[in-house]
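Asks: I'm passing along coords.tsv; it holds TSV, N, CA and C atoms.
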```tsv
chain	number	residue	atom	x	y	z
A	15	MET	N	87.24	78.72	49.89
A	15	MET	CA	86.62	78.04	48.79
A	15	MET	C	87.15	76.60	48.69
A	16	LYS	N	86.24	75.61	48.57
A	16	LYS	CA	86.63	74.22	48.48
A	16	LYS	C	87.03	73.88	47.06
A	17	LYS	N	88.10	73.07	46.96
A	17	LYS	CA	88.50	72.59	45.64
A	17	LYS	C	87.82	71.26	45.41
A	18	ALA	N	87.19	71.10	44.26
A	18	ALA	CA	86.51	69.86	43.91
A	18	ALA	C	86.55	69.69	42.40
A	19	PHE	N	86.22	68.49	41.97
A	19	PHE	CA	86.16	68.24	40.54
A	19	PHE	C	84.88	68.81	39.97
A	20	SER	N	85.00	69.36	38.79
A	20	SER	CA	83.79	69.87	38.13
A	20	SER	C	83.06	68.70	37.49
A	21	LEU	N	81.84	68.93	37.14
A	21	LEU	CA	81.03	67.90	36.48
A	21	LEU	C	81.68	67.47	35.17
A	22	MET	N	82.26	68.39	34.45
A	22	MET	CA	82.92	68.08	33.18
A	22	MET	C	84.12	67.17	33.41
A	23	GLU	N	84.92	67.43	34.41
A	23	GLU	CA	86.08	66.60	34.71
A	23	GLU	C	85.64	65.18	35.08
A	24	LEU	N	84.59	65.07	35.88
A	24	LEU	CA	84.08	63.74	36.24
A	24	LEU	C	83.57	63.00	35.01
A	25	MET	N	82.89	63.68	34.12
A	25	MET	CA	82.38	63.04	32.90
A	25	MET	C	83.52	62.54	32.02
A	26	VAL	N	84.60	63.32	31.92
A	26	VAL	CA	85.76	62.91	31.11
A	26	VAL	C	86.38	61.65	31.70
A	27	VAL	N	86.52	61.59	33.01
A	27	VAL	CA	87.09	60.42	33.67
A	27	VAL	C	86.20	59.20	33.44
A	28	ILE	N	84.89	59.35	33.56
A	28	ILE	CA	83.96	58.24	33.36
A	28	ILE	C	84.03	57.75	31.91
A	29	ILE	N	84.13	58.66	30.96
A	29	ILE	CA	84.22	58.28	29.55
A	29	ILE	C	85.53	57.53	29.29
A	30	ILE	N	86.62	57.99	29.85
A	30	ILE	CA	87.91	57.31	29.68
A	30	ILE	C	87.86	55.90	30.27
A	31	LEU	N	87.29	55.76	31.47
A	31	LEU	CA	87.16	54.44	32.08
A	31	LEU	C	86.26	53.52	31.24
A	32	GLY	N	85.19	54.07	30.70
A	32	GLY	CA	84.30	53.29	29.83
A	32	GLY	C	85.01	52.81	28.58
A	33	LEU	N	85.82	53.68	27.97
A	33	LEU	CA	86.58	53.29	26.77
A	33	LEU	C	87.60	52.21	27.09
A	34	LEU	N	88.29	52.37	28.22
A	34	LEU	CA	89.25	51.34	28.62
A	34	LEU	C	88.57	49.99	28.83
A	35	ALA	N	87.43	50.02	29.50
A	35	ALA	CA	86.69	48.77	29.73
A	35	ALA	C	86.23	48.17	28.41
A	36	ALA	N	85.81	49.00	27.47
A	36	ALA	CA	85.34	48.51	26.17
A	36	ALA	C	86.46	47.82	25.38
A	37	PHE	N	87.70	48.26	25.57
A	37	PHE	CA	88.82	47.64	24.85
A	37	PHE	C	89.40	46.44	25.58
A	38	VAL	N	89.40	46.47	26.89
A	38	VAL	CA	90.05	45.42	27.68
A	38	VAL	C	89.15	44.21	27.89
A	39	LEU	N	87.90	44.39	28.24
A	39	LEU	CA	87.01	43.28	28.57
A	39	LEU	C	86.84	42.25	27.45
A	40	PRO	N	86.65	42.67	26.20
A	40	PRO	CA	86.53	41.65	25.15
A	40	PRO	C	87.78	40.77	25.02
A	41	ASN	N	88.93	41.31	25.32
A	41	ASN	CA	90.16	40.52	25.25
A	41	ASN	C	90.26	39.53	26.41
A	42	LEU	N	89.64	39.82	27.52
A	42	LEU	CA	89.70	38.93	28.67
A	42	LEU	C	88.66	37.82	28.61
A	43	THR	N	87.50	38.12	28.02
A	43	THR	CA	86.48	37.08	27.93
A	43	THR	C	86.95	36.02	26.96
A	44	GLY	N	86.73	34.79	27.30
A	44	GLY	CA	87.21	33.68	26.49
A	44	GLY	C	88.56	33.16	26.93
A	45	LYS	N	89.30	33.96	27.63
A	45	LYS	CA	90.62	33.52	28.12
A	45	LYS	C	90.46	32.45	29.18
A	46	SER	N	89.39	32.51	29.97
A	46	SER	CA	89.20	31.49	31.00
A	46	SER	C	88.91	30.14	30.34
A	47	GLU	N	88.18	30.13	29.23
A	47	GLU	CA	87.92	28.87	28.52
A	47	GLU	C	89.20	28.33	27.90
A	48	GLU	N	90.04	29.22	27.38
A	48	GLU	CA	91.34	28.79	26.85
A	48	GLU	C	92.20	28.20	27.96
A	49	ALA	N	92.18	28.82	29.12
A	49	ALA	CA	92.97	28.33	30.25
A	49	ALA	C	92.46	26.96	30.69
A	50	LYS	N	91.13	26.79	30.72
A	50	LYS	CA	90.57	25.49	31.09
A	50	LYS	C	90.97	24.42	30.08
A	51	ALA	N	90.97	24.77	28.80
A	51	ALA	CA	91.38	23.81	27.77
A	51	ALA	C	92.84	23.41	27.96
A	52	ASP	N	93.69	24.36	28.32
A	52	ASP	CA	95.10	24.06	28.58
A	52	ASP	C	95.24	23.15	29.80
A	53	ILE	N	94.45	23.41	30.83
A	53	ILE	CA	94.48	22.56	32.03
A	53	ILE	C	94.05	21.14	31.69
A	54	VAL	N	93.01	21.02	30.85
A	54	VAL	CA	92.53	19.69	30.44
A	54	VAL	C	93.63	18.93	29.71
A	55	CYS	N	94.37	19.61	28.84
A	55	CYS	CA	95.46	18.95	28.13
A	55	CYS	C	96.54	18.46	29.11
A	56	ILE	N	96.81	19.26	30.13
A	56	ILE	CA	97.79	18.84	31.15
A	56	ILE	C	97.27	17.64	31.92
A	57	GLN	N	95.99	17.67	32.28
A	57	GLN	CA	95.39	16.53	32.98
A	57	GLN	C	95.44	15.27	32.11
A	58	MET	N	95.15	15.44	30.83
A	58	MET	CA	95.18	14.31	29.91
A	58	MET	C	96.59	13.73	29.80
A	59	LYS	N	97.57	14.60	29.82
A	59	LYS	CA	98.95	14.13	29.76
A	59	LYS	C	99.27	13.29	30.99
A	60	SER	N	98.78	13.70	32.14
A	60	SER	CA	99.00	12.94	33.37
A	60	SER	C	98.33	11.57	33.29
A	61	VAL	N	97.08	11.53	32.82
A	61	VAL	CA	96.38	10.25	32.68
A	61	VAL	C	97.09	9.40	31.63
A	62	SER	N	97.58	10.04	30.58
A	62	SER	CA	98.32	9.32	29.53
A	62	SER	C	99.57	8.65	30.10
A	63	GLN	N	100.28	9.35	30.97
A	63	GLN	CA	101.47	8.78	31.59
A	63	GLN	C	101.09	7.58	32.46
A	64	THR	N	99.96	7.67	33.14
A	64	THR	CA	99.48	6.55	33.95
A	64	THR	C	99.12	5.37	33.07
A	65	LEU	N	98.50	5.64	31.92
A	65	LEU	CA	98.16	4.56	30.98
A	65	LEU	C	99.43	3.90	30.43
A	66	LYS	N	100.45	4.68	30.19
A	66	LYS	CA	101.72	4.11	29.71
A	66	LYS	C	102.36	3.24	30.79
A	67	LEU	N	102.26	3.66	32.02
A	67	LEU	CA	102.77	2.85	33.13
A	67	LEU	C	101.97	1.55	33.22
A	68	TYR	N	100.67	1.64	33.04
A	68	TYR	CA	99.82	0.45	33.04
A	68	TYR	C	100.28	-0.52	31.93
A	69	LYS	N	100.56	0.04	30.76
A	69	LYS	CA	101.01	-0.81	29.64
A	69	LYS	C	102.34	-1.48	29.97
A	70	LEU	N	103.24	-0.76	30.60
A	70	LEU	CA	104.52	-1.37	31.00
A	70	LEU	C	104.30	-2.55	31.94
A	71	ASP	N	103.36	-2.41	32.84
A	71	ASP	CA	103.09	-3.47	33.82
A	71	ASP	C	102.30	-4.64	33.24
A	72	ASN	N	101.44	-4.36	32.25
A	72	ASN	CA	100.49	-5.37	31.77
A	72	ASN	C	100.63	-5.73	30.29
A	73	SER	N	101.61	-5.17	29.62
A	73	SER	CA	101.91	-5.46	28.20
A	73	SER	C	100.89	-4.92	27.21
A	74	SER	N	99.85	-4.27	27.65
A	74	SER	CA	98.89	-3.65	26.73
A	74	SER	C	98.09	-2.59	27.48
A	75	TYR	N	97.50	-1.71	26.69
A	75	TYR	CA	96.64	-0.70	27.29
A	75	TYR	C	95.31	-1.35	27.69
A	76	PRO	N	94.58	-0.75	28.61
A	76	PRO	CA	93.25	-1.29	28.93
A	76	PRO	C	92.36	-1.23	27.68
A	77	THR	N	91.42	-2.13	27.59
A	77	THR	CA	90.47	-2.08	26.48
A	77	THR	C	89.51	-0.92	26.71
A	78	THR	N	88.81	-0.55	25.65
A	78	THR	CA	87.81	0.51	25.77
A	78	THR	C	86.74	0.10	26.78
A	79	GLU	N	86.39	-1.19	26.78
A	79	GLU	CA	85.37	-1.67	27.72
A	79	GLU	C	85.85	-1.56	29.17
A	80	GLU	N	87.11	-1.88	29.40
A	80	GLU	CA	87.65	-1.75	30.77
A	80	GLU	C	87.71	-0.28	31.17
A	81	GLY	N	88.04	0.55	30.21
A	81	GLY	CA	88.08	1.99	30.45
A	81	GLY	C	89.11	2.40	31.48
A	82	LEU	N	88.98	3.60	31.93
A	82	LEU	CA	89.92	4.14	32.91
A	82	LEU	C	89.68	3.59	34.31
A	83	ASN	N	88.52	2.99	34.54
A	83	ASN	CA	88.22	2.44	35.87
A	83	ASN	C	89.20	1.35	36.28
A	84	ILE	N	89.80	0.67	35.31
A	84	ILE	CA	90.78	-0.37	35.64
A	84	ILE	C	91.98	0.24	36.37
A	85	LEU	N	92.26	1.51	36.10
A	85	LEU	CA	93.37	2.18	36.78
A	85	LEU	C	93.07	2.36	38.27
A	86	ILE	N	91.81	2.51	38.60
A	86	ILE	CA	91.40	2.60	40.00
A	86	ILE	C	91.47	1.21	40.63
A	87	THR	N	90.92	0.23	39.92
A	87	THR	CA	90.90	-1.14	40.43
A	87	THR	C	92.31	-1.63	40.74
A	88	LYS	N	93.25	-1.30	39.86
A	88	LYS	CA	94.63	-1.78	40.03
A	88	LYS	C	95.50	-0.79	40.81
A	89	LYS	N	94.87	0.21	41.42
A	89	LYS	CA	95.54	1.15	42.34
A	89	LYS	C	96.63	2.00	41.68
A	90	TYR	N	96.33	2.53	40.49
A	90	TYR	CA	97.28	3.43	39.83
A	90	TYR	C	97.11	4.88	40.28
A	91	PHE	N	96.01	5.18	40.94
A	91	PHE	CA	95.79	6.51	41.49
A	91	PHE	C	95.73	6.39	43.01
A	92	ASP	N	96.45	7.24	43.70
A	92	ASP	CA	96.54	7.18	45.16
A	92	ASP	C	95.20	7.37	45.86
A	93	ASP	N	94.41	8.30	45.36
A	93	ASP	CA	93.16	8.64	46.07
A	93	ASP	C	91.95	7.84	45.58
A	94	ASP	N	92.18	6.84	44.75
A	94	ASP	CA	91.10	6.00	44.21
A	94	ASP	C	90.01	6.79	43.51
A	95	LYS	N	90.39	7.89	42.88
A	95	LYS	CA	89.46	8.70	42.11
A	95	LYS	C	90.08	8.98	40.75
A	96	LEU	N	89.24	8.89	39.72
A	96	LEU	CA	89.69	9.28	38.39
A	96	LEU	C	89.67	10.80	38.29
A	97	PRO	N	90.69	11.38	37.67
A	97	PRO	CA	90.65	12.83	37.49
A	97	PRO	C	89.50	13.22	36.56
A	98	LYS	N	88.96	14.39	36.77
A	98	LYS	CA	87.91	14.93	35.91
A	98	LYS	C	88.46	16.16	35.21
A	99	ASP	N	87.82	16.52	34.11
A	99	ASP	CA	88.30	17.69	33.38
A	99	ASP	C	87.91	18.97	34.10
A	100	ALA	N	88.27	20.10	33.52
A	100	ALA	CA	88.05	21.40	34.17
A	100	ALA	C	86.58	21.74	34.35
A	101	TRP	N	85.69	21.05	33.65
A	101	TRP	CA	84.25	21.29	33.76
A	101	TRP	C	83.57	20.22	34.60
A	102	GLY	N	84.34	19.32	35.20
A	102	GLY	CA	83.79	18.28	36.06
A	102	GLY	C	83.34	17.03	35.33
A	103	ASN	N	83.70	16.90	34.05
A	103	ASN	CA	83.33	15.72	33.27
A	103	ASN	C	84.38	14.63	33.42
A	104	SER	N	83.94	13.39	33.32
A	104	SER	CA	84.89	12.28	33.26
A	104	SER	C	85.49	12.23	31.86
A	105	PHE	N	86.73	11.80	31.77
A	105	PHE	CA	87.36	11.64	30.47
A	105	PHE	C	86.81	10.39	29.78
A	106	ILE	N	86.69	10.45	28.48
A	106	ILE	CA	86.30	9.29	27.69
A	106	ILE	C	87.59	8.66	27.17
A	107	TYR	N	87.69	7.35	27.32
A	107	TYR	CA	88.89	6.61	26.91
A	107	TYR	C	88.52	5.69	25.76
A	108	ILE	N	89.31	5.75	24.69
A	108	ILE	CA	89.13	4.87	23.54
A	108	ILE	C	90.47	4.24	23.20
A	109	GLN	N	90.49	2.92	23.12
A	109	GLN	CA	91.71	2.19	22.80
A	109	GLN	C	91.58	1.59	21.41
A	110	ASN	N	92.57	1.86	20.56
A	110	ASN	CA	92.64	1.30	19.21
A	110	ASN	C	93.99	0.64	19.02
A	111	ASP	N	94.00	-0.67	18.83
A	111	ASP	CA	95.24	-1.42	18.63
A	111	ASP	C	96.24	-1.08	19.72
A	112	GLU	N	97.34	-0.49	19.34
A	112	GLU	CA	98.38	-0.13	20.31
A	112	GLU	C	98.36	1.36	20.64
A	113	LYS	N	97.27	2.02	20.35
A	113	LYS	CA	97.13	3.45	20.62
A	113	LYS	C	95.86	3.68	21.44
A	114	PHE	N	95.78	4.86	22.01
A	114	PHE	CA	94.57	5.25	22.75
A	114	PHE	C	94.35	6.74	22.58
A	115	ASP	N	93.16	7.17	22.90
A	115	ASP	CA	92.88	8.60	22.92
A	115	ASP	C	91.99	8.89	24.13
A	116	LEU	N	92.14	10.08	24.66
A	116	LEU	CA	91.30	10.58	25.74
A	116	LEU	C	90.51	11.76	25.19
A	117	ILE	N	89.27	11.86	25.60
A	117	ILE	CA	88.40	12.93	25.10
A	117	ILE	C	87.74	13.62	26.28
A	118	SER	N	87.73	14.94	26.22
A	118	SER	CA	86.96	15.75	27.17
A	118	SER	C	85.80	16.35	26.38
A	119	LEU	N	84.60	16.29	26.95
A	119	LEU	CA	83.43	16.82	26.26
A	119	LEU	C	83.34	18.33	26.30
A	120	GLY	N	84.18	18.97	27.05
A	120	GLY	CA	84.20	20.43	27.11
A	120	GLY	C	83.06	21.01	27.93
A	121	ALA	N	82.87	22.29	27.78
A	121	ALA	CA	81.91	23.02	28.61
A	121	ALA	C	80.47	22.62	28.34
A	122	ASP	N	80.14	22.24	27.11
A	122	ASP	CA	78.75	21.90	26.81
A	122	ASP	C	78.37	20.47	27.21
A	123	LYS	N	79.35	19.67	27.58
A	123	LYS	CA	79.14	18.29	28.05
A	123	LYS	C	78.42	17.42	27.02
A	124	LYS	N	78.59	17.76	25.73
A	124	LYS	CA	77.97	16.99	24.65
A	124	LYS	C	79.06	16.43	23.75
A	125	GLU	N	78.83	15.21	23.28
A	125	GLU	CA	79.80	14.53	22.43
A	125	GLU	C	79.73	15.05	21.00
A	126	SER	N	80.89	15.06	20.35
A	126	SER	CA	81.01	15.44	18.93
A	126	SER	C	80.60	16.89	18.66
A	127	THR	N	81.02	17.79	19.53
A	127	THR	CA	80.80	19.22	19.29
A	127	THR	C	82.16	19.90	19.17
A	128	LYS	N	82.14	21.16	18.76
A	128	LYS	CA	83.40	21.85	18.47
A	128	LYS	C	84.27	22.10	19.70
A	129	ASP	N	83.69	22.03	20.89
A	129	ASP	CA	84.51	22.29	22.08
A	129	ASP	C	85.12	21.02	22.69
A	130	ASP	N	84.91	19.86	22.05
A	130	ASP	CA	85.54	18.63	22.54
A	130	ASP	C	87.06	18.75	22.44
A	131	ILE	N	87.75	18.20	23.41
A	131	ILE	CA	89.21	18.25	23.43
A	131	ILE	C	89.74	16.83	23.36
A	132	TYR	N	90.62	16.58	22.41
A	132	TYR	CA	91.21	15.25	22.22
A	132	TYR	C	92.68	15.29	22.65
A	133	HIS	N	93.08	14.29	23.40
A	133	HIS	CA	94.48	14.19	23.84
A	133	HIS	C	95.40	14.17	22.63
A	134	SER	N	95.01	13.46	21.59
A	134	SER	CA	95.86	13.34	20.41
A	134	SER	C	96.06	14.67	19.69
A	135	LYS	N	95.20	15.66	19.97
A	135	LYS	CA	95.31	16.96	19.32
A	135	LYS	C	95.87	18.05	20.25
A	136	CYS	N	96.11	17.69	21.49
A	136	CYS	CA	96.70	18.67	22.42
A	136	CYS	C	98.16	18.91	22.04
A	137	LYS	N	98.61	20.13	22.28
A	137	LYS	CA	100.03	20.43	22.08
A	137	LYS	C	100.82	19.68	23.13
A	138	GLN	N	101.74	18.90	22.72
A	138	GLN	CA	102.50	18.07	23.65
A	138	GLN	C	103.69	18.82	24.21
```
Please express what this file holds, its structure, as structure tokens.
Replies:
Amino acid sequence: MKKAFSLMELMVVIIILGLLAAFVLPNLTGKSEEAKADIVCIQMKSVSQTLKLYKLDNSSYPTTEEGLNILITKKYFDDDKLPKDAWGNSFIYIQNDEKFDLISLGADKKESTKDDIYHSKCKQ
């Protein structure tokens, strides 16, 4: 006589796996967006350090009109490319007096929405 699982045993295993998936999957969804937001903050910190180096060399931050492209022109990035955020967007640079801010438009690629990420609001 062959030993095998009964239909009832298989159903119990399938139900247990279904319950585990029902509890685990909702906790995992959204974590990738959180991770991308964390990566964007790290990228912004790197660009921020480059902007501070630019200020040391030039006595002021680039103007909003000059934007981040001046960092390419003046060879502050080795590969002559501006970093992009985790969704492939270019960072928006705004200079106010002696301060600046970097903005990522987030996953929806639209300005002034709830998923925008501001350097000034990132955990430092």
Asks: Give me, as a PyMOL selection string, the residues of chain A that a backbone DSSP run labels helix (DSSP H, G or I).
Replies: chain A and resi 21-42+45-72+83-87+133-135
Asks: Write out as a PyMOL selection string each polymer residue whose atoms come within 7 Å of Ala121 of chain A, counting only N, CA and C atoms; drop sequence neighbours fewer than 4 positions from it.
Replies: chain A and resi 101+129-130
Asks: Please measure the separation of atom C of Leu65 of chain A and atom C of Ile108 of chain A, giving the value in Å to one decimal.
Replies: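 Separation between atom C of Leu65 of chain A and atom C of Ile108 of chain A: 11.5 Å.
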Asks: Please compute the atom N of Lys95 of chain A-atom CA of Leu82 of chain A distance, one decimal, in Å.
Replies: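 Answer for the atom N of Lys95 of chain A to atom CA of Leu82 of chain A separation: 10.7 Å.
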Asks: List every residue of segment 78-117 of chain A that DSSP, applied to the backbone of this structure, assigns to strand (DSSP E or B), and report them as a list in words.
Replies: Lys98, Ser104, Ile106, Tyr107, Ile108, Gln109, Asn110, Lys113, Phe114, Asp115, Leu116 and Ile117 of chain A
Asks: Give the answer as one residue: which of A:Ser46, A:Asp115, A:Asp94, A:Ile56 has the shortest atom-to-atom distance to Pro76 of chain A, using only C-alpha atoms?
Replies: A:Asp115
Asks: Would you mind listing what lies within 12 Å of Tyr90 of chain A as a ChimeraX atom specification, with only C-alpha atoms counted and same-chain residues fewer than 6 positions away left out?
Replies: /A:60-69,71,82-84,96-97
Asks: Write to file, as an mmCIF file, in the coordinates of the input, the residues of the selection just made, with N, CA and C atoms.
Replies:
```
data_model
loop_
_atom_site.group_PDB
_atom_site.id
_atom_site.type_symbol
_atom_site.label_atom_id
_atom_site.label_comp_id
_atom_site.auth_asym_id
_atom_site.auth_seq_id
_atom_site.Cartn_x
_atom_site.Cartn_y
_atom_site.Cartn_z
ATOM 1 N N SER A 60 98.780 13.700 32.140
ATOM 2 C CA SER A 60 99.000 12.940 33.370
ATOM 3 C C SER A 60 98.330 11.570 33.290
ATOM 4 N N VAL A 61 97.080 11.530 32.820
ATOM 5 C CA VAL A 61 96.380 10.250 32.680
ATOM 6 C C VAL A 61 97.090 9.400 31.630
ATOM 7 N N SER A 62 97.580 10.040 30.580
ATOM 8 C CA SER A 62 98.320 9.320 29.530
ATOM 9 C C SER A 62 99.570 8.650 30.100
ATOM 10 N N GLN A 63 100.280 9.350 30.970
ATOM 11 C CA GLN A 63 101.470 8.780 31.590
ATOM 12 C C GLN A 63 101.090 7.580 32.460
ATOM 13 N N THR A 64 99.960 7.670 33.140
ATOM 14 C CA THR A 64 99.480 6.550 33.950
ATOM 15 C C THR A 64 99.120 5.370 33.070
ATOM 16 N N LEU A 65 98.500 5.640 31.920
ATOM 17 C CA LEU A 65 98.160 4.560 30.980
ATOM 18 C C LEU A 65 99.430 3.900 30.430
ATOM 19 N N LYS A 66 100.450 4.680 30.190
ATOM 20 C CA LYS A 66 101.720 4.110 29.710
ATOM 21 C C LYS A 66 102.360 3.240 30.790
ATOM 22 N N LEU A 67 102.260 3.660 32.020
ATOM 23 C CA LEU A 67 102.770 2.850 33.130
ATOM 24 C C LEU A 67 101.970 1.550 33.220
ATOM 25 N N TYR A 68 100.670 1.640 33.040
ATOM 26 C CA TYR A 68 99.820 0.450 33.040
ATOM 27 C C TYR A 68 100.280 -0.520 31.930
ATOM 28 N N LYS A 69 100.560 0.040 30.760
ATOM 29 C CA LYS A 69 101.010 -0.810 29.640
ATOM 30 C C LYS A 69 102.340 -1.480 29.970
ATOM 31 N N ASP A 71 103.360 -2.410 32.840
ATOM 32 C CA ASP A 71 103.090 -3.470 33.820
ATOM 33 C C ASP A 71 102.300 -4.640 33.240
ATOM 34 N N LEU A 82 88.980 3.600 31.930
ATOM 35 C CA LEU A 82 89.920 4.140 32.910
ATOM 36 C C LEU A 82 89.680 3.590 34.310
ATOM 37 N N ASN A 83 88.520 2.990 34.540
ATOM 38 C CA ASN A 83 88.220 2.440 35.870
ATOM 39 C C ASN A 83 89.200 1.350 36.280
ATOM 40 N N ILE A 84 89.800 0.670 35.310
ATOM 41 C CA ILE A 84 90.780 -0.370 35.640
ATOM 42 C C ILE A 84 91.980 0.240 36.370
ATOM 43 N N LEU A 96 89.240 8.890 39.720
ATOM 44 C CA LEU A 96 89.690 9.280 38.390
ATOM 45 C C LEU A 96 89.670 10.800 38.290
ATOM 46 N N PRO A 97 90.690 11.380 37.670
ATOM 47 C CA PRO A 97 90.650 12.830 37.490
ATOM 48 C C PRO A 97 89.500 13.220 36.560
#
```
Asks: Would you compute an axis-aligned box for segment 118-136 of chain A, covering every atom listed for it in the file with 8 Å of margin on each side, and report centre and edge lengths in Å to one decimal as AutoDock Vina command-line options?
Replies:
```
--center_x 88.1 --center_y 18.2 --center_z 23.5 --size_x 36.2 --size_y 25.7 --size_z 26.1
```
Asks: Could all heavy atoms be built for segment 33-40 of chain A and written out as a short mmCIF file (atom, residue, chain, number, x, y, z; two decimals), in the frame of the given file?
Replies:
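Contents of the output file result_25.cif:
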```
data_model
loop_
_atom_site.label_atom_id
_atom_site.label_comp_id
_atom_site.auth_asym_id
_atom_site.auth_seq_id
_atom_site.Cartn_x
_atom_site.Cartn_y
_atom_site.Cartn_z
N LEU A 33 85.82 53.68 27.97
CA LEU A 33 86.58 53.29 26.77
C LEU A 33 87.60 52.21 27.09
O LEU A 33 87.77 51.25 26.33
CB LEU A 33 87.26 54.51 26.15
CG LEU A 33 86.34 55.50 25.43
CD1 LEU A 33 87.10 56.75 25.05
CD2 LEU A 33 85.72 54.85 24.20
N LEU A 34 88.29 52.37 28.22
CA LEU A 34 89.25 51.34 28.62
C LEU A 34 88.57 49.99 28.83
O LEU A 34 89.06 48.96 28.38
CB LEU A 34 89.98 51.76 29.90
CG LEU A 34 91.07 52.81 29.74
CD1 LEU A 34 91.57 53.26 31.11
CD2 LEU A 34 92.21 52.28 28.91
N ALA A 35 87.43 50.02 29.50
CA ALA A 35 86.69 48.77 29.73
C ALA A 35 86.23 48.17 28.41
O ALA A 35 86.26 46.95 28.22
CB ALA A 35 85.50 49.04 30.65
N ALA A 36 85.81 49.00 27.47
CA ALA A 36 85.34 48.51 26.17
C ALA A 36 86.46 47.82 25.38
O ALA A 36 86.21 46.89 24.63
CB ALA A 36 84.75 49.66 25.37
N PHE A 37 87.70 48.26 25.57
CA PHE A 37 88.82 47.64 24.85
C PHE A 37 89.40 46.44 25.58
O PHE A 37 89.86 45.49 24.97
CB PHE A 37 89.93 48.68 24.60
CG PHE A 37 89.57 49.68 23.55
CD1 PHE A 37 89.43 51.01 23.86
CD2 PHE A 37 89.37 49.28 22.23
CE1 PHE A 37 89.11 51.94 22.90
CE2 PHE A 37 89.03 50.21 21.25
CZ PHE A 37 88.90 51.55 21.58
N VAL A 38 89.40 46.47 26.89
CA VAL A 38 90.05 45.42 27.68
C VAL A 38 89.15 44.21 27.89
O VAL A 38 89.59 43.07 27.74
CB VAL A 38 90.53 45.99 29.03
CG1 VAL A 38 91.02 44.89 29.94
CG2 VAL A 38 91.62 47.03 28.81
N LEU A 39 87.90 44.39 28.24
CA LEU A 39 87.01 43.28 28.57
C LEU A 39 86.84 42.25 27.45
O LEU A 39 86.88 41.05 27.72
CB LEU A 39 85.66 43.79 29.05
CG LEU A 39 85.66 44.38 30.46
CD1 LEU A 39 84.28 44.90 30.83
CD2 LEU A 39 86.13 43.37 31.48
N PRO A 40 86.65 42.67 26.20
CA PRO A 40 86.53 41.65 25.15
C PRO A 40 87.78 40.77 25.02
O PRO A 40 87.67 39.60 24.66
CB PRO A 40 86.31 42.46 23.87
CG PRO A 40 85.73 43.74 24.34
CD PRO A 40 86.37 44.00 25.68
#
```
